[in-house]
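Novice: So here's run-v3.pdb, just PDB, C-alpha atoms and all ligand atoms:
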```pdb
MODEL        1
ATOM      1  CA  MET P   1     108.848  51.058  70.952  1.00  0.00           C
ATOM      2  CA  ALA P   2     112.510  51.529  69.973  1.00  0.00           C
ATOM      3  CA  SER P   3     111.824  54.892  68.373  1.00  0.00           C
ATOM      4  CA  HIS P   4     109.969  56.045  71.477  1.00  0.00           C
ATOM      5  CA  ASN P   5     112.946  55.200  73.685  1.00  0.00           C
ATOM      6  CA  SER P   6     115.371  57.104  71.491  1.00  0.00           C
ATOM      7  CA  ILE P   7     113.209  60.223  71.646  1.00  0.00           C
ATOM      8  CA  GLY P   8     112.572  59.849  75.331  1.00  0.00           C
ATOM      9  CA  SER P   9     116.151  59.342  76.472  1.00  0.00           C
ATOM     10  CA  SER P  10     117.730  61.878  74.120  1.00  0.00           C
ATOM     11  CA  SER P  11     116.218  64.912  75.800  1.00  0.00           C
ATOM     12  CA  ARG P  12     114.224  64.155  78.939  1.00  0.00           C
ATOM     13  CA  SER P  13     114.713  67.604  80.373  1.00  0.00           C
ATOM     14  CA  ARG P  14     111.082  68.294  81.240  1.00  0.00           C
ATOM     15  CA  SER P  15     108.974  70.617  79.158  1.00  0.00           C
ATOM     16  CA  LYS P  16     110.903  73.753  80.060  1.00  0.00           C
ATOM     17  CA  GLN P  17     112.772  74.005  76.777  1.00  0.00           C
ATOM     18  CA  THR P  18     110.405  73.127  73.986  1.00  0.00           C
ATOM     19  CA  SER P  19     112.705  74.465  71.301  1.00  0.00           C
ATOM     20  CA  SER P  20     112.760  71.209  69.342  1.00  0.00           C
ATOM     21  CA  SER P  21     109.692  69.313  68.227  1.00  0.00           C
ATOM     22  CA  GLN P  22     109.030  67.977  71.717  1.00  0.00           C
ATOM     23  CA  VAL P  23     105.449  67.426  72.665  1.00  0.00           C
ATOM     24  CA  VAL P  24     104.474  66.547  76.204  1.00  0.00           C
ATOM     25  CA  CYS P  25     101.403  64.654  77.280  1.00  0.00           C
ATOM     26  CA  TYR P  26      99.272  65.369  80.343  1.00  0.00           C
ATOM     27  CA  HIS P  27     101.839  63.393  82.376  1.00  0.00           C
ATOM     28  CA  ASN P  28     104.249  66.193  81.460  1.00  0.00           C
ATOM     29  CA  GLU P  29     106.330  63.566  79.685  1.00  0.00           C
ATOM     30  CA  ILE P  30     107.513  63.607  76.121  1.00  0.00           C
ATOM     31  CA  ALA P  31     104.858  62.183  73.842  1.00  0.00           C
ATOM     32  CA  PRO P  32     106.410  60.022  71.120  1.00  0.00           C
ATOM     33  CA  LEU P  33     105.588  60.592  67.484  1.00  0.00           C
ATOM     34  CA  ARG P  34     103.632  57.693  66.080  1.00  0.00           C
ATOM     35  CA  THR P  35     102.077  56.771  62.792  1.00  0.00           C
ATOM     36  CA  VAL P  36      98.559  55.505  62.270  1.00  0.00           C
ATOM     37  CA  ARG P  37      98.785  51.876  61.191  1.00  0.00           C
ATOM     38  CA  TYR P  38      95.121  51.031  61.109  1.00  0.00           C
ATOM     39  CA  ASP P  39      93.402  50.926  57.756  1.00  0.00           C
ATOM     40  CA  GLY P  40      91.234  53.966  57.367  1.00  0.00           C
ATOM     41  CA  PRO P  41      91.195  57.563  56.163  1.00  0.00           C
ATOM     42  CA  THR P  42      93.948  58.536  58.606  1.00  0.00           C
ATOM     43  CA  LYS P  43      96.348  55.687  57.799  1.00  0.00           C
ATOM     44  CA  GLY P  44      99.941  56.874  57.606  1.00  0.00           C
ATOM     45  CA  LYS P  45      99.142  60.113  59.370  1.00  0.00           C
ATOM     46  CA  ARG P  46     101.530  60.972  62.160  1.00  0.00           C
ATOM     47  CA  PHE P  47     100.436  61.870  65.660  1.00  0.00           C
ATOM     48  CA  PHE P  48     101.771  62.406  69.149  1.00  0.00           C
ATOM     49  CA  GLY P  49     100.340  60.280  71.950  1.00  0.00           C
ATOM     50  CA  CYS P  50     100.964  59.495  75.582  1.00  0.00           C
ATOM     51  CA  SER P  51     104.053  57.292  75.926  1.00  0.00           C
ATOM     52  CA  TYR P  52     102.113  54.926  78.180  1.00  0.00           C
ATOM     53  CA  TRP P  53      99.516  54.192  75.521  1.00  0.00           C
ATOM     54  CA  PRO P  54      97.984  51.601  75.207  1.00  0.00           C
ATOM     55  CA  GLU P  55      98.642  50.865  78.898  1.00  0.00           C
ATOM     56  CA  GLN P  56      95.985  51.622  81.500  1.00  0.00           C
ATOM     57  CA  ARG P  57      97.909  54.542  82.972  1.00  0.00           C
ATOM     58  CA  THR P  58      97.820  56.457  79.728  1.00  0.00           C
ATOM     59  CA  CYS P  59      96.549  59.960  80.184  1.00  0.00           C
ATOM     60  CA  GLY P  60      94.776  59.802  76.849  1.00  0.00           C
ATOM     61  CA  PHE P  61      96.849  62.542  75.276  1.00  0.00           C
ATOM     62  CA  PHE P  62      96.541  62.569  71.490  1.00  0.00           C
ATOM     63  CA  LYS P  63      97.457  65.167  68.924  1.00  0.00           C
ATOM     64  CA  TRP P  64      97.977  65.096  65.174  1.00  0.00           C
ATOM     65  CA  ALA P  65     101.511  66.055  64.231  1.00  0.00           C
ATOM     66  CA  ASP P  66     100.296  68.906  62.037  1.00  0.00           C
ATOM     67  CA  GLU P  67      98.398  70.389  64.958  1.00  0.00           C
ATOM     68  CA  VAL P  68     101.453  70.367  67.200  1.00  0.00           C
ATOM     69  CA  ASP P  69     102.351  73.986  66.582  1.00  0.00           C
ATOM     70  CA  ASP P  70      99.025  74.998  68.074  1.00  0.00           C
ATOM     71  CA  VAL P  71      99.644  72.692  71.016  1.00  0.00           C
ATOM     72  CA  ARG P  72     103.090  74.125  71.580  1.00  0.00           C
ATOM     73  CA  ASP P  73     101.609  77.613  71.547  1.00  0.00           C
ATOM     74  CA  LEU P  74      99.027  76.518  74.065  1.00  0.00           C
ATOM     75  CA  GLN P  75     101.637  74.858  76.248  1.00  0.00           C
ATOM     76  CA  HIS P  76     103.685  78.019  76.077  1.00  0.00           C
ATOM     77  CA  LEU P  77     100.635  79.992  77.116  1.00  0.00           C
ATOM     78  CA  VAL P  78      99.943  77.585  79.962  1.00  0.00           C
ATOM     79  CA  MET P  79     103.534  77.870  81.127  1.00  0.00           C
ATOM     80  CA  GLU P  80     103.333  81.639  81.040  1.00  0.00           C
ATOM     81  CA  LYS P  81     100.117  81.525  83.011  1.00  0.00           C
ATOM     82  CA  GLU P  82     101.669  79.150  85.531  1.00  0.00           C
ATOM     83  CA  THR P  83     104.578  81.528  85.989  1.00  0.00           C
ATOM     84  CA  ARG P  84     102.129  84.371  86.440  1.00  0.00           C
ATOM     85  CA  ILE P  85     100.190  82.286  88.987  1.00  0.00           C
ATOM     86  CA  CYS P  86     103.434  81.609  90.865  1.00  0.00           C
ATOM     87  CA  GLU P  87     104.162  85.321  90.886  1.00  0.00           C
ATOM     88  CA  LEU P  88     100.654  86.061  92.110  1.00  0.00           C
ATOM     89  CA  GLU P  89     100.953  83.425  94.809  1.00  0.00           C
ATOM     90  CA  TYR P  90     104.200  84.996  95.915  1.00  0.00           C
ATOM     91  CA  GLU P  91     102.552  88.409  95.977  1.00  0.00           C
ATOM     92  CA  MET P  92      99.621  86.949  97.875  1.00  0.00           C
ATOM     93  CA  ASN P  93     101.949  85.488 100.470  1.00  0.00           C
ATOM     94  CA  MET P  94     103.645  88.855 100.771  1.00  0.00           C
ATOM     95  CA  MET P  95     100.250  90.468 101.258  1.00  0.00           C
ATOM     96  CA  LYS P  96      99.307  87.843 103.827  1.00  0.00           C
ATOM     97  CA  ASP P  97     102.508  88.626 105.667  1.00  0.00           C
ATOM     98  CA  LYS P  98     101.715  92.314 105.516  1.00  0.00           C
ATOM     99  CA  VAL P  99      98.175  91.685 106.732  1.00  0.00           C
ATOM    100  CA  LYS P 100      99.536  89.583 109.581  1.00  0.00           C
ATOM    101  CA  ARG P 101     101.899  92.352 110.568  1.00  0.00           C
ATOM    102  CA  LEU P 102      99.124  94.946 110.299  1.00  0.00           C
ATOM    103  CA  LYS P 103      96.835  92.761 112.373  1.00  0.00           C
ATOM    104  CA  ALA P 104      99.472  92.484 115.084  1.00  0.00           C
ATOM    105  CA  LYS P 105      99.883  96.250 114.951  1.00  0.00           C
ATOM    106  CA  LYS P 106      96.136  96.718 115.137  1.00  0.00           C
ATOM    107  CA  GLU P 107      95.838  94.409 118.131  1.00  0.00           C
ATOM    108  CA  LYS P 108      98.525  96.390 119.857  1.00  0.00           C
ATOM    109  CA  LEU P 109      96.694  99.619 119.069  1.00  0.00           C
ATOM    110  CA  VAL P 110      93.392  98.154 120.242  1.00  0.00           C
ATOM    111  CA  GLU P 111      95.047  97.152 123.503  1.00  0.00           C
ATOM    112  CA  GLU P 112      96.446 100.645 123.885  1.00  0.00           C
ATOM    113  CA  VAL P 113      93.064 102.177 123.133  1.00  0.00           C
ATOM    114  CA  GLU P 114      91.412  99.833 125.600  1.00  0.00           C
ATOM    115  CA  GLU P 115      93.915 100.845 128.234  1.00  0.00           C
ATOM    116  CA  MET P 116      93.226 104.476 127.418  1.00  0.00           C
ATOM    117  CA  GLY P 117      89.503 103.726 127.625  1.00  0.00           C
ATOM    118  CA  ILE P 118      89.915 102.194 131.042  1.00  0.00           C
ATOM    119  CA  ALA P 119      91.927 105.209 132.094  1.00  0.00           C
ATOM    120  CA  THR P 120      89.196 107.533 130.809  1.00  0.00           C
ATOM    121  CA  THR P 121      86.424 105.669 132.633  1.00  0.00           C
ATOM    122  CA  GLU P 122      88.552 105.770 135.745  1.00  0.00           C
ATOM    123  CA  THR P 123      88.931 109.544 135.507  1.00  0.00           C
ATOM    124  CA  MET P 124      85.222 109.803 134.786  1.00  0.00           C
ATOM    125  CA  PHE P 125      84.511 107.843 137.944  1.00  0.00           C
ATOM    126  CA  GLU P 126      86.832 110.140 139.802  1.00  0.00           C
ATOM    127  CA  LEU P 127      85.019 113.174 138.414  1.00  0.00           C
ATOM    128  CA  LYS P 128      81.671 111.693 139.391  1.00  0.00           C
ATOM    129  CA  GLU P 129      82.943 110.977 142.866  1.00  0.00           C
ATOM    130  CA  ASN P 130      84.213 114.518 143.093  1.00  0.00           C
ATOM    131  CA  ASN P 131      80.794 115.771 142.054  1.00  0.00           C
ATOM    132  CA  THR P 132      78.997 113.739 144.697  1.00  0.00           C
ATOM    133  CA  ASP P 133      81.528 114.904 147.258  1.00  0.00           C
ATOM    134  CA  LYS P 134      80.872 118.517 146.324  1.00  0.00           C
ATOM    135  CA  ARG P 135      77.143 117.942 146.395  1.00  0.00           C
ATOM    136  CA  LEU P 136      77.434 116.246 149.756  1.00  0.00           C
ATOM    137  CA  MET P 137      79.492 119.118 151.111  1.00  0.00           C
ATOM    138  CA  LEU P 138      76.974 121.641 149.789  1.00  0.00           C
ATOM    139  CA  THR P 139      74.088 119.727 151.336  1.00  0.00           C
ATOM    140  CA  LEU P 140      75.962 119.589 154.605  1.00  0.00           C
ATOM    141  CA  VAL P 141      76.751 123.295 154.551  1.00  0.00           C
ATOM    142  CA  PHE P 142      73.180 124.173 153.656  1.00  0.00           C
ATOM    143  CA  SER P 143      71.688 121.927 156.292  1.00  0.00           C
ATOM    144  CA  TRP P 144      74.152 123.307 158.837  1.00  0.00           C
ATOM    145  CA  ALA P 145      73.243 126.873 157.880  1.00  0.00           C
ATOM    146  CA  PHE P 146      69.546 126.028 158.003  1.00  0.00           C
ATOM    147  CA  PHE P 147      70.011 124.418 161.406  1.00  0.00           C
ATOM    148  CA  THR P 148      71.825 127.460 162.830  1.00  0.00           C
ATOM    149  CA  LEU P 149      69.197 129.709 161.317  1.00  0.00           C
ATOM    150  CA  VAL P 150      66.455 127.721 163.008  1.00  0.00           C
ATOM    151  CA  LEU P 151      68.415 127.869 166.283  1.00  0.00           C
ATOM    152  CA  LEU P 152      68.907 131.616 165.987  1.00  0.00           C
ATOM    153  CA  MET P 153      65.243 132.184 165.168  1.00  0.00           C
ATOM    154  CA  LYS P 154      64.227 130.556 168.438  1.00  0.00           C
TER     155      LYS P 154
HETATM  156 ZN    ZN X 201     100.675  60.689  79.425  1.00  0.00          ZN
ENDMDL
END
```
So that I can check it, write out the structure of this file as structure tokens.
Ligand SMILES: [Zn+2]

Specialist:
Amino acid sequence: MASHNSIGSSSRSRSKQTSSSQVVCYHNEIAPLRTVRYDGPTKGKRFFGCSYWPEQRTCGFFKWADEVDDVRDLQHLVMEKETRICELEYEMNMMKDKVKRLKAKKEKLVEEVEEMGIATTETMFELKENNTDKRLMLTLVFSWAFFTLVLLMK
């Protein structure tokens, strides 16, 4: 446990700078380098494991020391992807903002169009009224003329 503490406290600066042989577990905490002590084919082999092992809250992280380079590459990749995701999220928020602004603009336009529509229907009503007025006048004139004609014929 003493070795784990020395590694942990010497450079607990998160996983941002993995220039040294730091390996982080799924807790995003430095995984201490350990050695297999059990008798078996892997005895003496070195590995990185979760610092909480064998406690219950261990995340189960385990990696052989000679595979660490691959892990570091993967972690680098993950970090790059996370940065990209952050960028995309930022872009998405920008887009959302734009969409919001466009929606507001659209609503305004729709309102304007609706107002124009109301105005158009109003003028159409006016035109229709004018038409009926004209027709009424014509009917009146014709009936008046017919009436006088009938009177004159008598
Ligand atoms: Zn862990």

Novice: Please build the interface table for chain P against ligand ZN 201 (chain X) with a cut-off of 7 Å, listing for each qualifying residue the nearest atom pair and the distance in Å to one decimal; count only C-alpha atoms and all ligand atoms, order rows by chain and increasing number, and write it as JSON lines.

Specialist:
```
{"residue": "P:Cys25", "atom": "CA", "partner": "X:ZN201", "partner_atom": "ZN", "distance": 4.6}
{"residue": "P:Tyr26", "atom": "CA", "partner": "X:ZN201", "partner_atom": "ZN", "distance": 5.0}
{"residue": "P:His27", "atom": "CA", "partner": "X:ZN201", "partner_atom": "ZN", "distance": 4.2}
{"residue": "P:Asn28", "atom": "CA", "partner": "X:ZN201", "partner_atom": "ZN", "distance": 6.9}
{"residue": "P:Glu29", "atom": "CA", "partner": "X:ZN201", "partner_atom": "ZN", "distance": 6.4}
{"residue": "P:Cys50", "atom": "CA", "partner": "X:ZN201", "partner_atom": "ZN", "distance": 4.0}
{"residue": "P:Ser51", "atom": "CA", "partner": "X:ZN201", "partner_atom": "ZN", "distance": 5.9}
{"residue": "P:Tyr52", "atom": "CA", "partner": "X:ZN201", "partner_atom": "ZN", "distance": 6.1}
{"residue": "P:Thr58", "atom": "CA", "partner": "X:ZN201", "partner_atom": "ZN", "distance": 5.1}
{"residue": "P:Cys59", "atom": "CA", "partner": "X:ZN201", "partner_atom": "ZN", "distance": 4.3}
{"residue": "P:Gly60", "atom": "CA", "partner": "X:ZN201", "partner_atom": "ZN", "distance": 6.5}
{"residue": "P:Phe61", "atom": "CA", "partner": "X:ZN201", "partner_atom": "ZN", "distance": 5.9}
```

Novice: Please, what distance in Å, to one decimal, runs between CA of Thr35 (chain P) and CA of Met79 (chain P)?

Specialist: 28.0 Å

Novice: Mind pulling up the distance from CA of Thr121 (chain P) to CA of Arg135 (chain P)?

Specialist: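 One can read the CA of Arg135 (chain P) to CA of Thr121 (chain P) distance as 20.6 Å.
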
Novice: Can you measure CA of Phe62 (chain P) to CA of Lys45 (chain P) for me? One decimal in Å is fine.

Specialist: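 Going from CA of Phe62 (chain P) over to CA of Lys45 (chain P), I get 12.6 Å.
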
Novice: Excluding Arg34 (chain P) and any residue of its chain fewer than 6 positions from it, enumerate the residues within 8 Å of it, using all atoms listed in the file, and give them as a ChimeraX atom specification.

Specialist: /P:46-49

Novice: Add whatever atoms are absent from region 120-148 of chain P to reach N, CA and C atoms, and provide the output as a compact mmCIF listing (two decimals), in the frame of the given file.

Specialist:
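Everything below was put into selection_2.txt:
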```txt
# COMPACT_ATOMS: atom_id res chain seq x y z
N THR P 120 90.22 106.49 130.93
CA THR P 120 89.20 107.53 130.81
C THR P 120 88.02 107.25 131.74
N THR P 121 87.55 105.99 131.75
CA THR P 121 86.42 105.67 132.63
C THR P 121 86.83 105.88 134.08
N GLU P 122 88.09 105.56 134.38
CA GLU P 122 88.55 105.77 135.74
C GLU P 122 88.49 107.25 136.12
N THR P 123 88.98 108.10 135.22
CA THR P 123 88.93 109.54 135.51
C THR P 123 87.49 110.02 135.58
N MET P 124 86.63 109.42 134.74
CA MET P 124 85.22 109.80 134.79
C MET P 124 84.61 109.43 136.14
N PHE P 125 84.99 108.25 136.63
CA PHE P 125 84.51 107.84 137.94
C PHE P 125 85.00 108.83 139.00
N GLU P 126 86.27 109.19 138.85
CA GLU P 126 86.83 110.14 139.80
C GLU P 126 86.05 111.45 139.78
N LEU P 127 85.77 111.92 138.55
CA LEU P 127 85.02 113.17 138.41
C LEU P 127 83.66 113.05 139.08
N LYS P 128 82.99 111.91 138.82
CA LYS P 128 81.67 111.69 139.39
C LYS P 128 81.75 111.71 140.91
N GLU P 129 82.77 111.02 141.42
CA GLU P 129 82.94 110.98 142.87
C GLU P 129 83.15 112.39 143.42
N ASN P 130 83.98 113.13 142.68
CA ASN P 130 84.21 114.52 143.09
C ASN P 130 82.90 115.29 143.14
N ASN P 131 82.08 115.08 142.12
CA ASN P 131 80.79 115.77 142.05
C ASN P 131 79.93 115.44 143.27
N THR P 132 79.83 114.14 143.55
CA THR P 132 79.00 113.74 144.70
C THR P 132 79.56 114.31 145.99
N ASP P 133 80.90 114.32 146.06
CA ASP P 133 81.53 114.90 147.26
C ASP P 133 81.12 116.36 147.42
N LYS P 134 81.22 117.09 146.28
CA LYS P 134 80.87 118.52 146.32
C LYS P 134 79.41 118.69 146.74
N ARG P 135 78.57 117.82 146.10
CA ARG P 135 77.14 117.94 146.40
C ARG P 135 76.87 117.64 147.88
N LEU P 136 77.59 116.62 148.35
CA LEU P 136 77.43 116.25 149.76
C LEU P 136 77.84 117.40 150.67
N MET P 137 78.99 117.99 150.32
CA MET P 137 79.49 119.12 151.11
C MET P 137 78.48 120.25 151.12
N LEU P 138 77.95 120.55 149.91
CA LEU P 138 76.97 121.64 149.79
C LEU P 138 75.74 121.36 150.64
N THR P 139 75.25 120.11 150.54
CA THR P 139 74.09 119.73 151.34
C THR P 139 74.38 119.90 152.82
N LEU P 140 75.58 119.49 153.20
CA LEU P 140 75.96 119.59 154.60
C LEU P 140 75.98 121.04 155.06
N VAL P 141 76.64 121.86 154.22
CA VAL P 141 76.75 123.30 154.55
C VAL P 141 75.37 123.93 154.66
N PHE P 142 74.53 123.59 153.66
CA PHE P 142 73.18 124.17 153.66
C PHE P 142 72.37 123.74 154.87
N SER P 143 72.48 122.44 155.16
CA SER P 143 71.69 121.93 156.29
C SER P 143 72.21 122.54 157.61
N TRP P 144 73.56 122.70 157.64
CA TRP P 144 74.15 123.31 158.84
C TRP P 144 73.67 124.74 158.99
N ALA P 145 73.69 125.48 157.87
CA ALA P 145 73.24 126.87 157.88
C ALA P 145 71.77 126.95 158.27
N PHE P 146 70.98 126.06 157.69
CA PHE P 146 69.55 126.03 158.00
C PHE P 146 69.34 125.75 159.50
N PHE P 147 70.11 124.82 160.02
CA PHE P 147 70.01 124.42 161.41
C PHE P 147 70.32 125.60 162.33
N THR P 148 71.46 126.29 162.02
CA THR P 148 71.82 127.46 162.83
C THR P 148 70.79 128.55 162.72
```
